[in-house]
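Data block for work.pdb (PDB, C-alpha atoms, pLDDT in the B column):
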```pdb
ATOM      1  CA  PRO A   1       0.000   0.000   0.000  1.00 67.00           C
ATOM      2  CA  LEU A   2       2.789   2.464   0.798  1.00 78.00           C
ATOM      3  CA  LEU A   3       4.288   2.106  -2.667  1.00 82.00           C
ATOM      4  CA  ALA A   4       1.035   3.438  -4.088  1.00 82.00           C
ATOM      5  CA  CYS A   5       1.612   6.764  -2.273  1.00 83.00           C
ATOM      6  CA  PHE A   6       3.202   8.444  -5.253  1.00 83.00           C
ATOM      7  CA  SER A   7       3.540  11.835  -3.507  1.00 88.00           C
ATOM      8  CA  LEU A   8       5.093  10.527  -0.290  1.00 91.00           C
ATOM      9  CA  ARG A   9       7.861  12.868   0.853  1.00 94.00           C
ATOM     10  CA  SER A  10       9.171  11.465   4.132  1.00 95.00           C
ATOM     11  CA  ILE A  11       9.395   8.049   5.751  1.00 93.00           C
ATOM     12  CA  GLU A  12      11.471   6.459   8.502  1.00 93.00           C
ATOM     13  CA  LEU A  13      11.642   2.736   9.240  1.00 91.00           C
ATOM     14  CA  ARG A  14      13.419   1.647  12.422  1.00 88.00           C
ATOM     15  CA  TRP A  15      13.936  -1.823  13.846  1.00 87.00           C
ATOM     16  CA  ARG A  16      16.413  -3.512  16.147  1.00 87.00           C
ATOM     17  CA  TYR A  17      17.601  -5.754  13.328  1.00 89.00           C
ATOM     18  CA  GLU A  18      18.466  -5.176   9.685  1.00 91.00           C
ATOM     19  CA  LEU A  19      15.716  -4.533   7.170  1.00 90.00           C
ATOM     20  CA  ARG A  20      16.314  -7.281   4.613  1.00 88.00           C
ATOM     21  CA  ILE A  21      15.754  -5.252   1.473  1.00 92.00           C
ATOM     22  CA  SER A  22      17.726  -5.602  -1.747  1.00 93.00           C
ATOM     23  CA  ASN A  23      19.076  -3.246  -4.387  1.00 94.00           C
ATOM     24  CA  ALA A  24      16.198  -4.374  -6.598  1.00 94.00           C
ATOM     25  CA  ASN A  25      13.721  -3.407  -3.860  1.00 94.00           C
ATOM     26  CA  LEU A  26      15.207   0.079  -3.730  1.00 94.00           C
ATOM     27  CA  GLU A  27      14.869   0.369  -7.496  1.00 94.00           C
ATOM     28  CA  ILE A  28      11.127  -0.203  -7.075  1.00 94.00           C
ATOM     29  CA  ILE A  29      10.955   2.179  -4.111  1.00 93.00           C
ATOM     30  CA  SER A  30      12.736   4.922  -6.048  1.00 94.00           C
ATOM     31  CA  THR A  31      10.306   4.769  -8.963  1.00 94.00           C
ATOM     32  CA  SER A  32       7.294   4.570  -6.628  1.00 94.00           C
ATOM     33  CA  TRP A  33       8.297   7.605  -4.527  1.00 93.00           C
ATOM     34  CA  PRO A  34       9.823  10.172  -6.908  1.00 93.00           C
ATOM     35  CA  SER A  35       8.875  13.053  -4.574  1.00 94.00           C
ATOM     36  CA  MET A  36      10.726  11.587  -1.594  1.00 95.00           C
ATOM     37  CA  GLU A  37      12.788  14.089   0.380  1.00 96.00           C
ATOM     38  CA  ILE A  38      13.647  12.163   3.565  1.00 97.00           C
ATOM     39  CA  LEU A  39      14.206   8.393   3.385  1.00 96.00           C
ATOM     40  CA  LEU A  40      15.560   6.789   6.561  1.00 96.00           C
ATOM     41  CA  LEU A  41      15.899   3.013   6.365  1.00 95.00           C
ATOM     42  CA  ASN A  42      17.309   1.776   9.665  1.00 93.00           C
ATOM     43  CA  CYS A  43      21.008   2.469   9.158  1.00 93.00           C
ATOM     44  CA  ASP A  44      22.073   1.443  12.683  1.00 91.00           C
ATOM     45  CA  PRO A  45      20.690  -2.036  13.481  1.00 92.00           C
ATOM     46  CA  LEU A  46      22.377  -4.630  15.640  1.00 90.00           C
ATOM     47  CA  PRO A  47      25.000  -6.517  13.611  1.00 88.00           C
ATOM     48  CA  GLY A  48      23.844  -9.897  12.329  1.00 82.00           C
ATOM     49  CA  THR A  49      25.577 -13.044  11.208  1.00 79.00           C
ATOM     50  CA  ARG A  50      25.123 -12.147   7.530  1.00 86.00           C
ATOM     51  CA  SER A  51      26.455  -9.230   5.534  1.00 89.00           C
ATOM     52  CA  PRO A  52      23.988  -6.406   4.803  1.00 93.00           C
ATOM     53  CA  SER A  53      21.748  -7.171   1.834  1.00 93.00           C
ATOM     54  CA  LEU A  54      22.230  -3.695   0.327  1.00 94.00           C
ATOM     55  CA  THR A  55      25.385  -2.588  -1.477  1.00 94.00           C
ATOM     56  CA  PRO A  56      26.497   1.006  -2.198  1.00 93.00           C
ATOM     57  CA  LEU A  57      25.117   0.611  -5.733  1.00 93.00           C
ATOM     58  CA  ALA A  58      21.664   0.930  -4.147  1.00 93.00           C
ATOM     59  CA  LEU A  59      22.333   4.676  -4.183  1.00 95.00           C
ATOM     60  CA  LEU A  60      22.190   4.852  -7.972  1.00 93.00           C
ATOM     61  CA  PRO A  61      18.436   4.318  -8.558  1.00 94.00           C
ATOM     62  CA  LEU A  62      17.669   6.736  -5.722  1.00 95.00           C
ATOM     63  CA  ALA A  63      19.928   9.366  -7.288  1.00 94.00           C
ATOM     64  CA  ARG A  64      18.354   8.747 -10.680  1.00 93.00           C
ATOM     65  CA  ASN A  65      14.682   8.731  -9.657  1.00 94.00           C
ATOM     66  CA  CYS A  66      14.339  10.688  -6.390  1.00 94.00           C
ATOM     67  CA  ARG A  67      15.483  14.100  -7.571  1.00 93.00           C
ATOM     68  CA  ARG A  68      14.324  15.944  -4.421  1.00 95.00           C
ATOM     69  CA  LEU A  69      16.020  13.700  -1.873  1.00 96.00           C
ATOM     70  CA  LYS A  70      17.651  15.707   0.940  1.00 97.00           C
ATOM     71  CA  GLU A  71      18.340  13.113   3.639  1.00 97.00           C
ATOM     72  CA  LEU A  72      19.059   9.407   3.195  1.00 97.00           C
ATOM     73  CA  SER A  73      20.096   6.653   5.573  1.00 96.00           C
ATOM     74  CA  LEU A  74      20.967   3.095   4.545  1.00 96.00           C
ATOM     75  CA  TYR A  75      22.649   0.040   6.038  1.00 95.00           C
ATOM     76  CA  VAL A  76      24.985  -1.236   3.325  1.00 96.00           C
ATOM     77  CA  ASP A  77      27.890  -3.606   2.874  1.00 95.00           C
ATOM     78  CA  GLY A  78      30.678  -1.116   2.208  1.00 92.00           C
ATOM     79  CA  SER A  79      33.054  -3.825   0.986  1.00 87.00           C
ATOM     80  CA  LYS A  80      30.879  -4.770  -1.998  1.00 84.00           C
ATOM     81  CA  LEU A  81      31.689  -2.029  -4.453  1.00 81.00           C
ATOM     82  CA  PRO A  82      32.722  -2.695  -8.065  1.00 71.00           C
ATOM     83  CA  ALA A  83      35.082  -0.272  -9.777  1.00 70.00           C
ATOM     84  CA  ILE A  84      33.181   2.663 -11.293  1.00 70.00           C
ATOM     85  CA  ARG A  85      35.364   5.068 -13.272  1.00 63.00           C
ATOM     86  CA  SER A  86      32.785   7.183 -15.102  1.00 66.00           C
ATOM     87  CA  ARG A  87      30.042   9.395 -13.721  1.00 72.00           C
ATOM     88  CA  PRO A  88      26.725   7.471 -13.423  1.00 75.00           C
ATOM     89  CA  ALA A  89      23.699   8.540 -15.452  1.00 70.00           C
ATOM     90  CA  GLY A  90      21.930   9.865 -12.356  1.00 77.00           C
ATOM     91  CA  VAL A  91      23.505  11.847  -9.511  1.00 89.00           C
ATOM     92  CA  PHE A  92      22.086  13.450  -6.391  1.00 94.00           C
ATOM     93  CA  LYS A  93      21.268  17.136  -6.795  1.00 92.00           C
ATOM     94  CA  THR A  94      19.773  18.130  -3.429  1.00 95.00           C
ATOM     95  CA  LEU A  95      21.167  15.529  -0.985  1.00 96.00           C
ATOM     96  CA  ARG A  96      22.536  17.113   2.192  1.00 96.00           C
ATOM     97  CA  TRP A  97      22.890  14.214   4.630  1.00 96.00           C
ATOM     98  CA  LEU A  98      23.904  10.665   3.781  1.00 97.00           C
ATOM     99  CA  ARG A  99      23.855   8.432   6.869  1.00 96.00           C
ATOM    100  CA  PHE A 100      25.492   5.005   6.915  1.00 96.00           C
ATOM    101  CA  GLY A 101      25.133   4.276  10.634  1.00 92.00           C
ATOM    102  CA  ASN A 102      26.726   0.929  11.466  1.00 92.00           C
ATOM    103  CA  SER A 103      27.357  -0.120   7.870  1.00 95.00           C
ATOM    104  CA  PRO A 104      30.451  -2.350   7.772  1.00 94.00           C
ATOM    105  CA  ILE A 105      33.357  -1.152   5.662  1.00 95.00           C
ATOM    106  CA  LYS A 106      37.038  -2.068   5.383  1.00 92.00           C
ATOM    107  CA  GLU A 107      38.573   0.455   2.962  1.00 91.00           C
ATOM    108  CA  MET A 108      38.127   4.180   2.581  1.00 92.00           C
ATOM    109  CA  ASP A 109      39.461   4.954  -0.913  1.00 90.00           C
ATOM    110  CA  PRO A 110      37.058   2.981  -3.168  1.00 90.00           C
ATOM    111  CA  MET A 111      34.037   4.295  -1.284  1.00 93.00           C
ATOM    112  CA  VAL A 112      35.016   7.952  -1.211  1.00 92.00           C
ATOM    113  CA  LEU A 113      35.818   7.836  -4.945  1.00 90.00           C
ATOM    114  CA  PHE A 114      32.420   6.292  -5.661  1.00 92.00           C
ATOM    115  CA  LEU A 115      30.545   8.792  -3.487  1.00 93.00           C
ATOM    116  CA  SER A 116      32.351  11.684  -5.159  1.00 91.00           C
ATOM    117  CA  LEU A 117      30.710  10.607  -8.423  1.00 90.00           C
ATOM    118  CA  VAL A 118      27.133  10.686  -7.090  1.00 92.00           C
ATOM    119  CA  CYS A 119      27.076  13.252  -4.258  1.00 93.00           C
ATOM    120  CA  PRO A 120      26.662  17.012  -4.727  1.00 92.00           C
ATOM    121  CA  VAL A 121      28.755  19.755  -3.187  1.00 90.00           C
ATOM    122  CA  GLY A 122      27.756  20.217   0.455  1.00 91.00           C
ATOM    123  CA  CYS A 123      26.608  16.637   1.090  1.00 94.00           C
ATOM    124  CA  GLU A 124      27.684  15.320   4.521  1.00 94.00           C
ATOM    125  CA  VAL A 125      28.408  11.649   5.198  1.00 95.00           C
ATOM    126  CA  VAL A 126      27.430  10.661   8.736  1.00 92.00           C
ATOM    127  CA  ALA A 127      28.315   7.476  10.624  1.00 90.00           C
ATOM    128  CA  GLY A 128      27.513   6.101  14.058  1.00 87.00           C
ATOM    129  CA  VAL A 129      24.312   5.854  16.062  1.00 88.00           C
ATOM    130  CA  ARG A 130      21.859   8.363  17.445  1.00 84.00           C
ATOM    131  CA  SER A 131      22.438   7.430  21.074  1.00 86.00           C
ATOM    132  CA  LEU A 132      25.673   5.650  21.959  1.00 86.00           C
ATOM    133  CA  ARG A 133      24.427   4.762  25.451  1.00 88.00           C
ATOM    134  CA  ALA A 134      21.214   3.225  24.114  1.00 88.00           C
ATOM    135  CA  TYR A 135      23.113   1.304  21.472  1.00 88.00           C
ATOM    136  CA  GLN A 136      25.618  -0.041  23.990  1.00 88.00           C
ATOM    137  CA  TYR A 137      22.684  -1.209  26.088  1.00 88.00           C
ATOM    138  CA  MET A 138      21.270  -3.049  23.060  1.00 89.00           C
ATOM    139  CA  LEU A 139      24.657  -4.669  22.416  1.00 90.00           C
ATOM    140  CA  ASP A 140      24.832  -5.803  26.040  1.00 90.00           C
ATOM    141  CA  ARG A 141      21.315  -7.269  25.908  1.00 89.00           C
ATOM    142  CA  ALA A 142      22.193  -9.108  22.682  1.00 89.00           C
ATOM    143  CA  ASN A 143      25.445 -10.362  24.264  1.00 90.00           C
ATOM    144  CA  ILE A 144      27.544  -8.786  21.513  1.00 88.00           C
ATOM    145  CA  THR A 145      31.053  -8.134  22.781  1.00 83.00           C
ATOM    146  CA  GLY A 146      34.728  -8.208  21.864  1.00 85.00           C
ATOM    147  CA  THR A 147      35.665  -8.492  18.198  1.00 88.00           C
ATOM    148  CA  VAL A 148      32.273  -7.430  16.852  1.00 89.00           C
ATOM    149  CA  ARG A 149      32.353  -4.173  18.790  1.00 89.00           C
ATOM    150  CA  VAL A 150      35.872  -3.480  17.557  1.00 91.00           C
ATOM    151  CA  LYS A 151      34.699  -3.968  13.941  1.00 90.00           C
ATOM    152  CA  ILE A 152      31.784  -1.589  14.509  1.00 91.00           C
ATOM    153  CA  ALA A 153      34.091   1.082  15.925  1.00 91.00           C
ATOM    154  CA  SER A 154      36.551   0.567  13.056  1.00 93.00           C
ATOM    155  CA  SER A 155      33.782   1.079  10.499  1.00 93.00           C
ATOM    156  CA  TRP A 156      32.683   4.265  12.249  1.00 93.00           C
ATOM    157  CA  LEU A 157      36.210   5.642  11.971  1.00 94.00           C
ATOM    158  CA  ILE A 158      36.452   4.805   8.257  1.00 94.00           C
ATOM    159  CA  TRP A 159      33.085   6.407   7.496  1.00 95.00           C
ATOM    160  CA  THR A 160      34.150   9.474   9.490  1.00 94.00           C
ATOM    161  CA  ASP A 161      37.322   9.752   7.407  1.00 94.00           C
ATOM    162  CA  ILE A 162      35.218   9.394   4.255  1.00 94.00           C
ATOM    163  CA  GLY A 163      32.998  12.223   5.471  1.00 94.00           C
ATOM    164  CA  ARG A 164      36.064  14.433   5.927  1.00 93.00           C
ATOM    165  CA  ALA A 165      37.595  13.632   2.541  1.00 93.00           C
ATOM    166  CA  LEU A 166      34.441  13.725   0.427  1.00 93.00           C
ATOM    167  CA  PRO A 167      33.811  17.518   0.284  1.00 91.00           C
ATOM    168  CA  LEU A 168      37.264  18.220  -1.100  1.00 90.00           C
ATOM    169  CA  LEU A 169      37.076  15.452  -3.694  1.00 89.00           C
ATOM    170  CA  VAL A 170      33.599  16.521  -4.839  1.00 89.00           C
ATOM    171  CA  LYS A 171      34.817  20.096  -5.194  1.00 85.00           C
ATOM    172  CA  VAL A 172      37.830  18.956  -7.237  1.00 83.00           C
ATOM    173  CA  ARG A 173      35.554  16.985  -9.568  1.00 76.00           C
ATOM    174  CA  GLU A 174      33.212  19.955  -9.967  1.00 73.00           C
ATOM    175  CA  ASN A 175      36.115  22.285 -10.749  1.00 70.00           C
ATOM    176  CA  GLU A 176      37.434  19.814 -13.310  1.00 70.00           C
ATOM    177  CA  LYS A 177      33.995  19.556 -14.890  1.00 64.00           C
ATOM    178  CA  GLN A 178      33.767  23.353 -15.128  1.00 65.00           C
ATOM    179  CA  ARG A 179      37.248  23.514 -16.650  1.00 61.00           C
ATOM    180  CA  MET A 180      36.367  20.905 -19.267  1.00 52.00           C
ATOM    181  CA  ARG A 181      32.944  22.345 -20.126  1.00 58.00           C
ATOM    182  CA  PRO A 182      34.156  24.798 -22.851  1.00 65.00           C
ATOM    183  CA  PHE A 183      36.070  21.984 -24.539  1.00 57.00           C
ATOM    184  CA  ILE A 184      33.069  19.631 -24.337  1.00 56.00           C
ATOM    185  CA  ASP A 185      30.751  22.341 -25.690  1.00 60.00           C
ATOM    186  CA  GLU A 186      33.130  22.978 -28.585  1.00 65.00           C
ATOM    187  CA  VAL A 187      33.312  19.276 -29.461  1.00 67.00           C
ATOM    188  CA  ARG A 188      29.522  19.001 -29.240  1.00 68.00           C
ATOM    189  CA  GLN A 189      29.084  22.049 -31.485  1.00 74.00           C
ATOM    190  CA  ARG A 190      31.522  20.685 -34.086  1.00 74.00           C
ATOM    191  CA  HIS A 191      29.707  17.381 -34.019  1.00 72.00           C
ATOM    192  CA  GLN A 192      26.348  19.075 -34.610  1.00 78.00           C
ATOM    193  CA  VAL A 193      27.800  21.108 -37.498  1.00 77.00           C
ATOM    194  CA  ARG A 194      29.271  18.007 -39.086  1.00 75.00           C
ATOM    195  CA  VAL A 195      25.993  16.108 -38.701  1.00 76.00           C
ATOM    196  CA  GLY A 196      24.192  19.008 -40.386  1.00 78.00           C
ATOM    197  CA  GLU A 197      26.681  18.965 -43.259  1.00 78.00           C
ATOM    198  CA  LEU A 198      26.283  15.221 -43.754  1.00 79.00           C
ATOM    199  CA  GLU A 199      22.498  15.503 -43.730  1.00 79.00           C
ATOM    200  CA  ARG A 200      22.661  18.279 -46.337  1.00 80.00           C
ATOM    201  CA  GLU A 201      25.027  16.258 -48.544  1.00 77.00           C
ATOM    202  CA  LEU A 202      22.707  13.275 -48.261  1.00 79.00           C
ATOM    203  CA  ARG A 203      19.688  15.338 -49.340  1.00 80.00           C
ATOM    204  CA  GLU A 204      21.614  16.744 -52.311  1.00 77.00           C
ATOM    205  CA  LEU A 205      22.699  13.261 -53.354  1.00 79.00           C
ATOM    206  CA  ARG A 206      19.115  12.030 -53.221  1.00 77.00           C
ATOM    207  CA  GLN A 207      17.961  14.999 -55.296  1.00 80.00           C
ATOM    208  CA  LYS A 208      20.607  14.272 -57.963  1.00 76.00           C
ATOM    209  CA  ARG A 209      19.577  10.643 -58.160  1.00 74.00           C
ATOM    210  CA  LYS A 210      15.925  11.622 -58.358  1.00 73.00           C
ATOM    211  CA  HIS A 211      16.457  13.974 -61.319  1.00 69.00           C
ATOM    212  CA  LYS A 212      19.069  11.869 -63.121  1.00 64.00           C
ATOM    213  CA  SER A 213      17.877  10.824 -66.559  1.00 56.00           C
ATOM    214  CA  PRO A 214      17.329   7.095 -67.018  1.00 58.00           C
ATOM    215  CA  ILE A 215      19.790   5.277 -69.265  1.00 53.00           C
TER     216      ILE A 215
END
```

Give the structure from the file, written as structure tokens.
Amino acid sequence: PLLACFSLRSIELRWRYELRISNANLEIISTSWPSMEILLLNCDPLPGTRSPSLTPLALLPLARNCRRLKELSLYVDGSKLPAIRSRPAGVFKTLRWLRFGNSPIKEMDPMVLFLSLVCPVGCEVVAGVRSLRAYQYMLDRANITGTVRVKIASSWLIWTDIGRALPLLVKVRENEKQRMRPFIDEVRQRHQVRVGELERELRELRQKRKHKSPI
């Protein structure tokens, strides 16, 4: 029923455990809620025995279809990120806060490079939980100690470093895009001129064949 609410602008889903949704599910959500501005999908659950079902690529359909999105939170597997060297077809235009909560991650560089391709200038990456005391209480109740807590803290630190590095990298990319724009415009203009010339030559050739006397 919620997916039928085409004009829905804000929704938050919270649960102690991970929401088992897939990248394909988010593709459907993004096309069902194009007016969404705040989408908070339980980014700080208790860690489970399985890796998160979402990958960072889940951002792409949201960037492509939810053009008004300002705040987004997801629980993703930060280690599952294929190499992406070119700018995706859709990028966020209005996103201001991107929250990854307890999302596990092992390396900073691939993620910050990916986010610099889809995030706008001014977007802040946020990690961690809303209430550390409440979350520690939940960990105690779930008997989660030792190595797992160390991994959670390590991921928080990596996401924090990503949040610090991202603004500079996004700005560099934007400056490079501005620097290249005159060159791209010139190439596009030359291409359009050449296409026009070829179309004109083709019309003239057809006219000559049409009026050519039969043998």

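When all atoms listed in the file are used to compute distances to A:Ala89, the closest of the residues A:Asn102, A:Ser116, A:Asn65, A:Ser32 turns out to be A:Asn65.
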
Target residues per the PyMOL selection byres ((chain A and resi 53) around 10), formatted as a ChimeraX atom specification: /A:18-23,50-52,54-55,75-77

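Residues matched by the PyMOL selection byres ((chain A and resi 130-136) around 10) in this structure: Arg16, Asp44, Pro45, Leu46, Gly101, Ala127, Gly128, Val129, Tyr137, Met138, Leu139, Asp140, Arg141, Ala142, Ile144, Thr145 and Arg149 of chain A.
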
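We find atom CA of A:Val126 and atom CA of A:Ser7 to be spaced 26.9 Å apart.
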
Starting from the PyMOL selection byres ((chain A and resi 59) around 10), expand the selection into actual residues of this file and give them as an mmCIF file with C-alpha atoms, keeping the file's coordinate frame.
```cif
data_model
loop_
_atom_site.group_PDB
_atom_site.id
_atom_site.type_symbol
_atom_site.label_atom_id
_atom_site.label_comp_id
_atom_site.auth_asym_id
_atom_site.auth_seq_id
_atom_site.Cartn_x
_atom_site.Cartn_y
_atom_site.Cartn_z
ATOM 1 C CA ASN A 23 19.076 -3.246 -4.387
ATOM 2 C CA LEU A 26 15.207 0.079 -3.730
ATOM 3 C CA GLU A 27 14.869 0.369 -7.496
ATOM 4 C CA SER A 30 12.736 4.922 -6.048
ATOM 5 C CA LEU A 54 22.230 -3.695 0.327
ATOM 6 C CA THR A 55 25.385 -2.588 -1.477
ATOM 7 C CA PRO A 56 26.497 1.006 -2.198
ATOM 8 C CA LEU A 57 25.117 0.611 -5.733
ATOM 9 C CA ALA A 58 21.664 0.930 -4.147
ATOM 10 C CA LEU A 60 22.190 4.852 -7.972
ATOM 11 C CA PRO A 61 18.436 4.318 -8.558
ATOM 12 C CA LEU A 62 17.669 6.736 -5.722
ATOM 13 C CA ALA A 63 19.928 9.366 -7.288
ATOM 14 C CA ARG A 64 18.354 8.747 -10.680
ATOM 15 C CA LEU A 72 19.059 9.407 3.195
ATOM 16 C CA LEU A 74 20.967 3.095 4.545
ATOM 17 C CA VAL A 76 24.985 -1.236 3.325
ATOM 18 C CA GLY A 90 21.930 9.865 -12.356
ATOM 19 C CA VAL A 91 23.505 11.847 -9.511
ATOM 20 C CA PHE A 92 22.086 13.450 -6.391
ATOM 21 C CA LEU A 115 30.545 8.792 -3.487
ATOM 22 C CA VAL A 118 27.133 10.686 -7.090
ATOM 23 C CA CYS A 119 27.076 13.252 -4.258
#
```

Spatial sel., origin (13.6, 2.4, 7.9), limit 7 Å, only C-alpha atoms, listed as a PyMOL selection string: chain A and resi 12-14+40-42

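For the pair atom CA of A:Met36 and atom CA of A:Asp161, the separation is 28.1 Å.
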
Computed interatomic separation between atom CA of A:Thr147 and atom CA of A:Ser79 (Å): 18.0 Å

Which centre and edge lengths in Å to one decimal define the box along x, y and z that fits every listed atom of stretch 161-168 of chain A plus 5 Å per side, as JSON?
```
{"center_x": 35.3, "center_y": 13.8, "center_z": 3.2, "size_x": 14.6, "size_y": 18.8, "size_z": 18.5}
```

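Counting all atoms listed in the file, A:Lys171 has the following residues at most 12 Å away, ignoring those fewer than 4 positions along the same chain: Ser116, Leu117, Cys119, Pro120, Val121, Gly122, Cys123, Ala165, Leu166, Pro167, Asn175, Glu176, Lys177 and Gln178 of chain A.
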